[in-house]
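*Asks:* Please find final-v1.cif (mmCIF, C-alpha atoms; chains and numbers go by the auth columns) on the next line:
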```cif
data_model
#
loop_
_atom_site.group_PDB
_atom_site.id
_atom_site.type_symbol
_atom_site.label_atom_id
_atom_site.label_comp_id
_atom_site.label_asym_id
_atom_site.label_seq_id
_atom_site.Cartn_x
_atom_site.Cartn_y
_atom_site.Cartn_z
_atom_site.B_iso_or_equiv
_atom_site.auth_seq_id
_atom_site.auth_asym_id
ATOM 1 C CA MET A 1 0.727 -18.328 -1.075 0.00 277 A
ATOM 2 C CA THR A 2 3.873 -20.222 -0.094 0.00 278 A
ATOM 3 C CA ASP A 3 7.077 -20.500 -2.082 0.00 279 A
ATOM 4 C CA ASP A 4 6.085 -24.066 -2.961 0.00 280 A
ATOM 5 C CA ASN A 5 2.733 -22.770 -4.275 0.00 281 A
ATOM 6 C CA ILE A 6 4.582 -20.264 -6.452 0.00 282 A
ATOM 7 C CA ARG A 7 7.030 -22.842 -7.775 0.00 283 A
ATOM 8 C CA GLY A 8 4.156 -25.191 -8.592 0.00 284 A
ATOM 9 C CA ALA A 9 2.196 -22.426 -10.321 0.00 285 A
ATOM 10 C CA LEU A 10 5.171 -21.487 -12.492 0.00 286 A
ATOM 11 C CA GLN A 11 5.708 -25.082 -13.608 0.00 287 A
ATOM 12 C CA ASP A 12 1.998 -25.378 -14.398 0.00 288 A
ATOM 13 C CA MET A 13 2.191 -22.214 -16.494 0.00 289 A
ATOM 14 C CA ARG A 14 5.204 -23.508 -18.388 0.00 290 A
ATOM 15 C CA ASP A 15 3.198 -26.642 -19.204 0.00 291 A
ATOM 16 C CA VAL A 16 0.339 -24.438 -20.462 0.00 292 A
ATOM 17 C CA VAL A 17 2.759 -22.425 -22.615 0.00 293 A
ATOM 18 C CA SER A 18 4.056 -25.640 -24.178 0.00 294 A
ATOM 19 C CA GLN A 19 0.494 -26.677 -25.022 0.00 295 A
ATOM 20 C CA MET A 20 -0.356 -23.269 -26.483 0.00 296 A
ATOM 21 C CA ALA A 21 2.772 -23.285 -28.642 0.00 297 A
ATOM 22 C CA ALA A 22 1.618 -26.614 -30.088 0.00 298 A
ATOM 23 C CA MET A 23 -1.955 -25.358 -30.576 0.00 299 A
ATOM 24 C CA ILE A 24 -0.894 -22.105 -32.266 0.00 300 A
ATOM 25 C CA PRO A 25 2.295 -22.905 -34.213 0.00 301 A
ATOM 26 C CA GLN A 26 2.301 -19.518 -35.953 0.00 302 A
ATOM 27 C CA LYS A 27 3.006 -17.967 -32.532 0.00 303 A
ATOM 28 C CA ALA A 28 5.558 -20.535 -31.384 0.00 304 A
ATOM 29 C CA ASP A 29 8.363 -17.940 -31.230 0.00 305 A
ATOM 30 C CA HIS A 30 6.263 -15.779 -28.924 0.00 306 A
ATOM 31 C CA TYR A 31 5.539 -18.681 -26.592 0.00 307 A
ATOM 32 C CA ARG A 32 9.189 -19.693 -26.505 0.00 308 A
ATOM 33 C CA ALA A 33 10.016 -16.166 -25.320 0.00 309 A
ATOM 34 C CA VAL A 34 7.269 -16.397 -22.674 0.00 310 A
ATOM 35 C CA ASP A 35 8.687 -19.720 -21.507 0.00 311 A
ATOM 36 C CA ARG A 36 12.154 -18.171 -21.119 0.00 312 A
ATOM 37 C CA ARG A 37 10.718 -15.470 -18.864 0.00 313 A
ATOM 38 C CA LEU A 38 8.825 -18.028 -16.789 0.00 314 A
ATOM 39 C CA ALA A 39 11.977 -20.145 -16.548 0.00 315 A
ATOM 40 C CA SER A 40 13.887 -17.115 -15.255 0.00 316 A
ATOM 41 C CA PHE A 41 11.218 -16.579 -12.590 0.00 317 A
ATOM 42 C CA GLN A 42 11.321 -20.273 -11.745 0.00 318 A
ATOM 43 C CA THR A 43 15.098 -20.211 -11.357 0.00 319 A
ATOM 44 C CA GLU A 44 14.880 -17.326 -8.892 0.00 320 A
ATOM 45 C CA MET A 45 12.315 -19.208 -6.805 0.00 321 A
ATOM 46 C CA LYS A 46 14.719 -22.160 -6.551 0.00 322 A
ATOM 47 C CA ARG A 47 17.372 -20.034 -4.882 0.00 323 A
ATOM 48 C CA ARG A 48 17.977 -20.224 -1.160 0.00 324 A
ATOM 49 C CA SER A 49 16.501 -16.789 -0.405 0.00 325 A
ATOM 50 C CA PRO A 50 14.083 -15.726 -3.157 0.00 326 A
ATOM 51 C CA ASN A 51 12.153 -12.456 -2.941 0.00 327 A
ATOM 52 C CA SER A 52 8.947 -14.202 -1.884 0.00 328 A
ATOM 53 C CA ASN A 53 6.944 -11.041 -1.208 0.00 329 A
ATOM 54 C CA LEU A 54 7.584 -9.627 -4.680 0.00 330 A
ATOM 55 C CA ALA A 55 6.890 -13.017 -6.263 0.00 331 A
ATOM 56 C CA ARG A 56 3.507 -13.152 -4.536 0.00 332 A
ATOM 57 C CA GLN A 57 2.739 -9.609 -5.694 0.00 333 A
ATOM 58 C CA ILE A 58 3.512 -10.571 -9.284 0.00 334 A
ATOM 59 C CA LEU A 59 1.229 -13.604 -9.223 0.00 335 A
ATOM 60 C CA LEU A 60 -1.622 -11.867 -7.375 0.00 336 A
ATOM 61 C CA CYS A 61 -1.492 -8.809 -9.641 0.00 337 A
ATOM 62 C CA ALA A 62 -1.566 -11.056 -12.713 0.00 338 A
ATOM 63 C CA ALA A 63 -4.473 -13.075 -11.304 0.00 339 A
ATOM 64 C CA PHE A 64 -6.555 -9.991 -10.437 0.00 340 A
ATOM 65 C CA ALA A 65 -5.827 -8.441 -13.841 0.00 341 A
ATOM 66 C CA SER A 66 -6.912 -11.610 -15.609 0.00 342 A
ATOM 67 C CA ILE A 67 -10.232 -11.557 -13.734 0.00 343 A
ATOM 68 C CA VAL A 68 -10.851 -7.932 -14.730 0.00 344 A
ATOM 69 C CA CYS A 69 -10.048 -8.801 -18.347 0.00 345 A
ATOM 70 C CA ARG A 70 -12.311 -11.850 -18.167 0.00 346 A
ATOM 71 C CA HIS A 71 -15.284 -9.685 -17.165 0.00 347 A
ATOM 72 C CA LEU A 72 -14.394 -7.119 -19.823 0.00 348 A
ATOM 73 C CA ALA A 73 -14.250 -9.802 -22.503 0.00 349 A
ATOM 74 C CA LEU A 74 -17.569 -11.277 -21.358 0.00 350 A
ATOM 75 C CA LYS A 75 -19.410 -7.961 -21.358 0.00 351 A
ATOM 76 C CA LYS A 76 -17.852 -6.200 -24.361 0.00 352 A
ATOM 77 C CA LYS A 77 -16.364 -9.002 -26.491 0.00 353 A
ATOM 78 C CA PRO A 78 -13.370 -6.884 -27.628 0.00 354 A
ATOM 79 C CA ASN A 79 -10.922 -7.913 -30.330 0.00 355 A
ATOM 80 C CA PHE A 80 -8.035 -6.802 -28.136 0.00 356 A
ATOM 81 C CA ILE A 81 -7.404 -5.641 -24.586 0.00 357 A
ATOM 82 C CA ARG A 82 -4.653 -3.198 -23.629 0.00 358 A
ATOM 83 C CA TRP A 83 -3.268 -2.944 -20.107 0.00 359 A
ATOM 84 C CA ILE A 84 -1.171 0.174 -19.483 0.00 360 A
ATOM 85 C CA SER A 85 0.683 0.376 -16.178 0.00 361 A
ATOM 86 C CA ASP A 86 2.882 2.824 -14.352 0.00 362 A
ATOM 87 C CA ARG A 87 6.410 1.745 -13.479 0.00 363 A
ATOM 88 C CA ASP A 88 6.544 -0.770 -10.650 0.00 364 A
ATOM 89 C CA ALA A 89 9.179 -3.207 -9.393 0.00 365 A
ATOM 90 C CA MET A 90 7.017 -6.171 -10.305 0.00 366 A
ATOM 91 C CA PHE A 91 7.206 -5.306 -14.004 0.00 367 A
ATOM 92 C CA ASP A 92 10.978 -5.011 -13.946 0.00 368 A
ATOM 93 C CA LYS A 93 11.321 -8.615 -12.829 0.00 369 A
ATOM 94 C CA HIS A 94 12.042 -11.214 -15.507 0.00 370 A
ATOM 95 C CA ASP A 95 11.317 -8.887 -18.415 0.00 371 A
ATOM 96 C CA LYS A 96 7.713 -8.050 -17.411 0.00 372 A
ATOM 97 C CA VAL A 97 6.635 -11.643 -16.723 0.00 373 A
ATOM 98 C CA ALA A 98 3.620 -10.287 -14.776 0.00 374 A
ATOM 99 C CA PHE A 99 2.039 -9.392 -18.122 0.00 375 A
ATOM 100 C CA ASP A 100 2.682 -12.905 -19.442 0.00 376 A
ATOM 101 C CA LEU A 101 1.050 -14.449 -16.391 0.00 377 A
ATOM 102 C CA SER A 102 -2.088 -12.318 -16.671 0.00 378 A
ATOM 103 C CA PHE A 103 -2.426 -13.336 -20.323 0.00 379 A
ATOM 104 C CA LEU A 104 -1.918 -17.008 -19.463 0.00 380 A
ATOM 105 C CA TYR A 105 -4.402 -17.011 -16.577 0.00 381 A
ATOM 106 C CA PHE A 106 -6.985 -15.390 -18.825 0.00 382 A
ATOM 107 C CA HIS A 107 -6.606 -17.830 -21.682 0.00 383 A
ATOM 108 C CA LEU A 108 -6.224 -20.870 -19.433 0.00 384 A
ATOM 109 C CA HIS A 109 -9.650 -20.101 -18.027 0.00 385 A
ATOM 110 C CA ARG A 110 -11.046 -19.788 -21.548 0.00 386 A
ATOM 111 C CA MET A 111 -9.566 -23.115 -22.615 0.00 387 A
ATOM 112 C CA MET A 112 -10.915 -24.831 -19.483 0.00 388 A
ATOM 113 C CA ASN A 113 -14.374 -23.618 -20.533 0.00 389 A
ATOM 114 C CA GLY A 114 -14.068 -24.889 -24.087 0.00 390 A
ATOM 115 C CA GLN A 115 -13.206 -21.554 -25.706 0.00 391 A
ATOM 116 C CA ASP A 116 -10.344 -20.795 -28.070 0.00 392 A
ATOM 117 C CA ALA A 117 -7.085 -19.185 -26.965 0.00 393 A
ATOM 118 C CA VAL A 118 -6.740 -16.737 -29.867 0.00 394 A
ATOM 119 C CA GLU A 119 -9.013 -13.795 -29.062 0.00 395 A
ATOM 120 C CA PRO A 120 -8.942 -11.278 -27.663 0.00 396 A
ATOM 121 C CA GLU A 121 -5.368 -10.231 -28.300 0.00 397 A
ATOM 122 C CA PHE A 122 -3.533 -8.705 -25.355 0.00 398 A
ATOM 123 C CA HIS A 123 -1.436 -5.528 -25.628 0.00 399 A
ATOM 124 C CA PHE A 124 0.669 -4.209 -22.766 0.00 400 A
ATOM 125 C CA GLY A 125 2.283 -0.841 -22.195 0.00 401 A
ATOM 126 C CA LEU A 126 4.786 0.707 -19.797 0.00 402 A
ATOM 127 C CA PRO A 127 6.234 4.239 -19.975 0.00 403 A
ATOM 128 C CA GLY A 128 9.057 4.274 -22.517 0.00 404 A
ATOM 129 C CA TRP A 129 8.945 0.525 -23.097 0.00 405 A
ATOM 130 C CA ASP A 130 8.573 0.890 -26.867 0.00 406 A
ATOM 131 C CA GLY A 131 10.871 3.929 -27.042 0.00 407 A
ATOM 132 C CA LYS A 132 8.118 6.411 -27.906 0.00 408 A
ATOM 133 C CA ASN A 133 4.998 6.148 -25.732 0.00 409 A
ATOM 134 C CA GLU A 134 4.993 7.471 -22.161 0.00 410 A
ATOM 135 C CA TYR A 135 1.223 7.021 -21.579 0.00 411 A
ATOM 136 C CA ALA A 136 1.274 10.043 -19.257 0.00 412 A
ATOM 137 C CA GLU A 137 -2.457 10.789 -19.377 0.00 413 A
ATOM 138 C CA TYR A 138 -3.485 7.209 -18.675 0.00 414 A
ATOM 139 C CA ILE A 139 -1.052 6.888 -15.790 0.00 415 A
ATOM 140 C CA ARG A 140 -1.835 10.238 -14.145 0.00 416 A
ATOM 141 C CA ILE A 141 -5.554 9.529 -14.165 0.00 417 A
ATOM 142 C CA ALA A 142 -5.047 6.106 -12.621 0.00 418 A
ATOM 143 C CA ASP A 143 -2.652 7.514 -9.998 0.00 419 A
ATOM 144 C CA TYR A 144 -5.183 10.194 -9.039 0.00 420 A
ATOM 145 C CA LEU A 145 -7.951 7.627 -8.659 0.00 421 A
ATOM 146 C CA ALA A 146 -5.682 5.303 -6.668 0.00 422 A
ATOM 147 C CA GLY A 147 -4.623 8.241 -4.492 0.00 423 A
ATOM 148 C CA THR A 148 -8.264 8.996 -3.758 0.00 424 A
ATOM 149 C CA LEU A 149 -8.922 5.442 -2.613 0.00 425 A
ATOM 150 C CA ALA A 150 -5.691 5.273 -0.603 0.00 426 A
ATOM 151 C CA ASP A 151 -6.651 8.430 1.311 0.00 427 A
ATOM 152 C CA ILE A 152 -10.013 7.112 2.515 0.00 428 A
ATOM 153 C CA LYS A 153 -10.193 6.730 6.278 0.00 429 A
ATOM 154 C CA LEU A 154 -12.359 3.748 7.160 0.00 430 A
ATOM 155 C CA PRO A 155 -14.892 3.159 8.542 0.00 431 A
ATOM 156 C CA GLU A 156 -15.628 6.903 8.623 0.00 432 A
ATOM 157 C CA MET A 157 -15.103 7.344 4.852 0.00 433 A
ATOM 158 C CA THR A 158 -13.430 10.730 5.331 0.00 434 A
ATOM 159 C CA PHE A 159 -10.396 12.260 3.613 0.00 435 A
ATOM 160 C CA SER A 160 -7.299 14.156 4.726 0.00 436 A
ATOM 161 C CA HIS A 161 -7.171 16.194 1.476 0.00 437 A
ATOM 162 C CA ALA A 162 -10.161 18.141 0.164 0.00 438 A
ATOM 163 C CA LYS A 163 -9.150 17.493 -3.463 0.00 439 A
ATOM 164 C CA PHE A 164 -10.131 13.831 -3.153 0.00 440 A
ATOM 165 C CA GLU A 165 -13.719 14.333 -1.960 0.00 441 A
ATOM 166 C CA PRO A 166 -15.242 15.456 -5.301 0.00 442 A
ATOM 167 C CA VAL A 167 -13.430 12.642 -7.144 0.00 443 A
ATOM 168 C CA PHE A 168 -14.786 10.110 -4.676 0.00 444 A
ATOM 169 C CA ARG A 169 -18.309 11.524 -4.707 0.00 445 A
ATOM 170 C CA ASN A 170 -18.666 12.035 -8.463 0.00 446 A
ATOM 171 C CA LEU A 171 -16.837 8.987 -9.741 0.00 447 A
ATOM 172 C CA PHE A 172 -16.928 6.254 -7.128 0.00 448 A
ATOM 173 C CA VAL A 173 -20.196 7.067 -5.348 0.00 449 A
ATOM 174 C CA ASN A 174 -22.354 8.505 -8.107 0.00 450 A
ATOM 175 C CA GLY A 175 -20.614 6.887 -11.071 0.00 451 A
ATOM 176 C CA PRO A 176 -22.768 4.487 -13.098 0.00 452 A
ATOM 177 C CA ASN A 177 -20.226 1.668 -13.290 0.00 453 A
ATOM 178 C CA ALA A 178 -18.027 1.807 -10.188 0.00 454 A
ATOM 179 C CA ALA A 179 -17.755 -0.566 -7.234 0.00 455 A
ATOM 180 C CA LEU A 180 -15.474 -0.242 -4.211 0.00 456 A
ATOM 181 C CA VAL A 181 -14.123 -3.527 -2.873 0.00 457 A
ATOM 182 C CA GLU A 182 -11.922 -3.623 0.221 0.00 458 A
ATOM 183 C CA ILE A 183 -9.521 -6.567 0.446 0.00 459 A
ATOM 184 C CA LEU A 184 -8.150 -7.374 3.901 0.00 460 A
ATOM 185 C CA ALA A 185 -5.616 -9.901 5.106 0.00 461 A
ATOM 186 C CA ARG A 186 -7.013 -12.096 7.897 0.00 462 A
ATOM 187 C CA ASP A 187 -5.070 -13.041 11.002 0.00 463 A
ATOM 188 C CA GLY A 188 -3.861 -16.575 10.537 0.00 464 A
ATOM 189 C CA GLY A 189 -3.925 -16.411 6.742 0.00 465 A
ATOM 190 C CA GLY A 190 -6.381 -15.835 3.942 0.00 466 A
ATOM 191 C CA ILE A 191 -8.153 -12.711 2.761 0.00 467 A
ATOM 192 C CA THR A 192 -11.568 -11.135 3.149 0.00 468 A
ATOM 193 C CA ALA A 193 -13.235 -9.018 0.467 0.00 469 A
ATOM 194 C CA ARG A 194 -16.216 -6.757 1.001 0.00 470 A
ATOM 195 C CA ARG A 195 -17.989 -4.153 -1.073 0.00 471 A
ATOM 196 C CA LEU A 196 -18.159 -0.650 0.397 0.00 472 A
ATOM 197 C CA VAL A 197 -21.411 1.233 -0.074 0.00 473 A
ATOM 198 C CA PRO A 198 -21.697 4.845 1.240 0.00 474 A
ATOM 199 C CA THR A 199 -25.011 5.295 3.050 0.00 475 A
ATOM 200 C CA ALA A 200 -24.550 8.817 4.465 0.00 476 A
ATOM 201 C CA PRO A 201 -23.130 12.167 3.311 0.00 477 A
ATOM 202 C CA ILE A 202 -19.357 12.338 3.216 0.00 478 A
ATOM 203 C CA ILE A 203 -18.045 14.544 6.020 0.00 479 A
ATOM 204 C CA MET A 204 -14.813 16.453 5.457 0.00 480 A
#
```
Show how you would write the structure in this file as structure tokens.

*Replies:*
Amino acid sequence: MTDDNIRGALQDMRDVVSQMAAMIPQKADHYRAVDRRLASFQTEMKRRSPNSNLARQILLCAAFASIVCRHLALKKKPNFIRWISDRDAMFDKHDKVAFDLSFLYFHLHRMMNGQDAVEPEFHFGLPGWDGKNEYAEYIRIADYLAGTLADIKLPEMTFSHAKFEPVFRNLFVNGPNAALVEILARDGGGITARRLVPTAPIIM
């Protein structure tokens, strides 16, 4: 994803926001605020030395999140979806524009498939963002699960800390609704994704 790709994507999203503001006039103030955040991101990408790595992280995180939400909406048909995240540099940029982008990617896909852009509603949360909620339980659980996956040694599927093995075995291996997908950067550009399936006992 080059800087030109990012700049083009941001302009496309601003065009989508303009269309959505016209389609849903009762939320025009919200979309104007979204457009200001996208414009701030766009301005940074026009500078001589933008933070390209962080910009790519923001867009990729938003895109992956929108895909997860798309599957959730398809399977469960919720009235609203809430994404709660731990603190990360990408959410500090441009007043949490990563959340806006995930919402826009999700609804752009719906509109392209002839669906409305009203439901489900999206709700986002960060520790202390609203002045009262820290979301400690949600964040600690996610951190523990992420720590388990980060500690896996591949291709052996072994761990450096014994505390991770029962989490991996009971949740990721024997869980009824879990899938492990490894995403790798390829030499020369592009990415490869593959599903990991344990076929032998885990050796500590």

*Asks:* Would you list the contacts of stretch 305-320 of chain A as a ChimeraX atom specification, taking every protein, DNA or RNA residue within 12 Å and counting all atoms listed in the file, but skipping same-chain residues closer than 6 positions in sequence?

*Replies:* /A:279-299,326-328,330-332,334-335,366-380

*Asks:* Name the residues that the PyMOL selection byres ((chain A and resi 392-407) around 10) pulls out of this structure, and write them as a PyMOL selection string.

*Replies:* chain A and resi 296+299-300+345+349+353-364+367+372+375-376+378-380+382-391+408-412+415

*Asks:* Applying 12 Å and all atoms listed in the file, which residues near A:Asn446 remain after dropping the ones on its own chain fewer than 6 positions away? List them as a ChimeraX atom specification.

*Replies:* /A:421,424,440,452-454,478

*Asks:* Just to confirm, what's the straight-line distance from atom CA of A:Leu472 to atom CA of A:Thr278 in Å (one decimal)?

*Replies:*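 Separating atom CA of A:Leu472 from atom CA of A:Thr278 is a distance of 29.5 Å.
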
*Asks:* For the atom pair atom CA of A:Arg416 and atom CA of A:Thr434, what is the interatomic distance in Å to one decimal place?

*Replies:*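 Spanning atom CA of A:Arg416 to atom CA of A:Thr434 is a straight-line distance of 22.7 Å.
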
*Asks:* Can you work out the spacing between atom CA of A:Asp419 and atom CA of A:Arg462 in Å, to one decimal?

*Replies:*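 Taking atom CA of A:Asp419 and atom CA of A:Arg462, their separation equals 26.9 Å.
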
*Asks:* Report the centre and edge lengths, in Å to one decimal, of an axis-aligned box enclosing every atom of stretch 337-351 of chain A listed in the file, padded by 6 Å on each side, as AutoDock Vina command-line options.

*Replies:*
```
--center_x -10.5 --center_y -10.1 --center_z -16.1 --size_x 29.9 --size_y 18.0 --size_z 24.9
```

*Asks:* Near A:Phe435, within 12 Å and counting all atoms listed in the file, which residues show up once chain neighbours fewer than 4 positions away are dropped, as a list in words?

*Replies:* Gly423, Thr424, Leu425, Ala426, Asp427, Ile428, Lys429, Leu430, Pro431, Lys439, Phe440, Glu441, Pro442, Val443, Phe444, Arg445, Ile478, Ile479 and Met480 of chain A

*Asks:* Tell me which of A:Met433, A:Ala461, A:Leu456, A:Met277 sits closest to A:Leu336, counting all atoms listed in the file.

*Replies:*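 Nearest candidate to A:Leu336 out of A:Met433, A:Ala461, A:Leu456, A:Met277: A:Met277.
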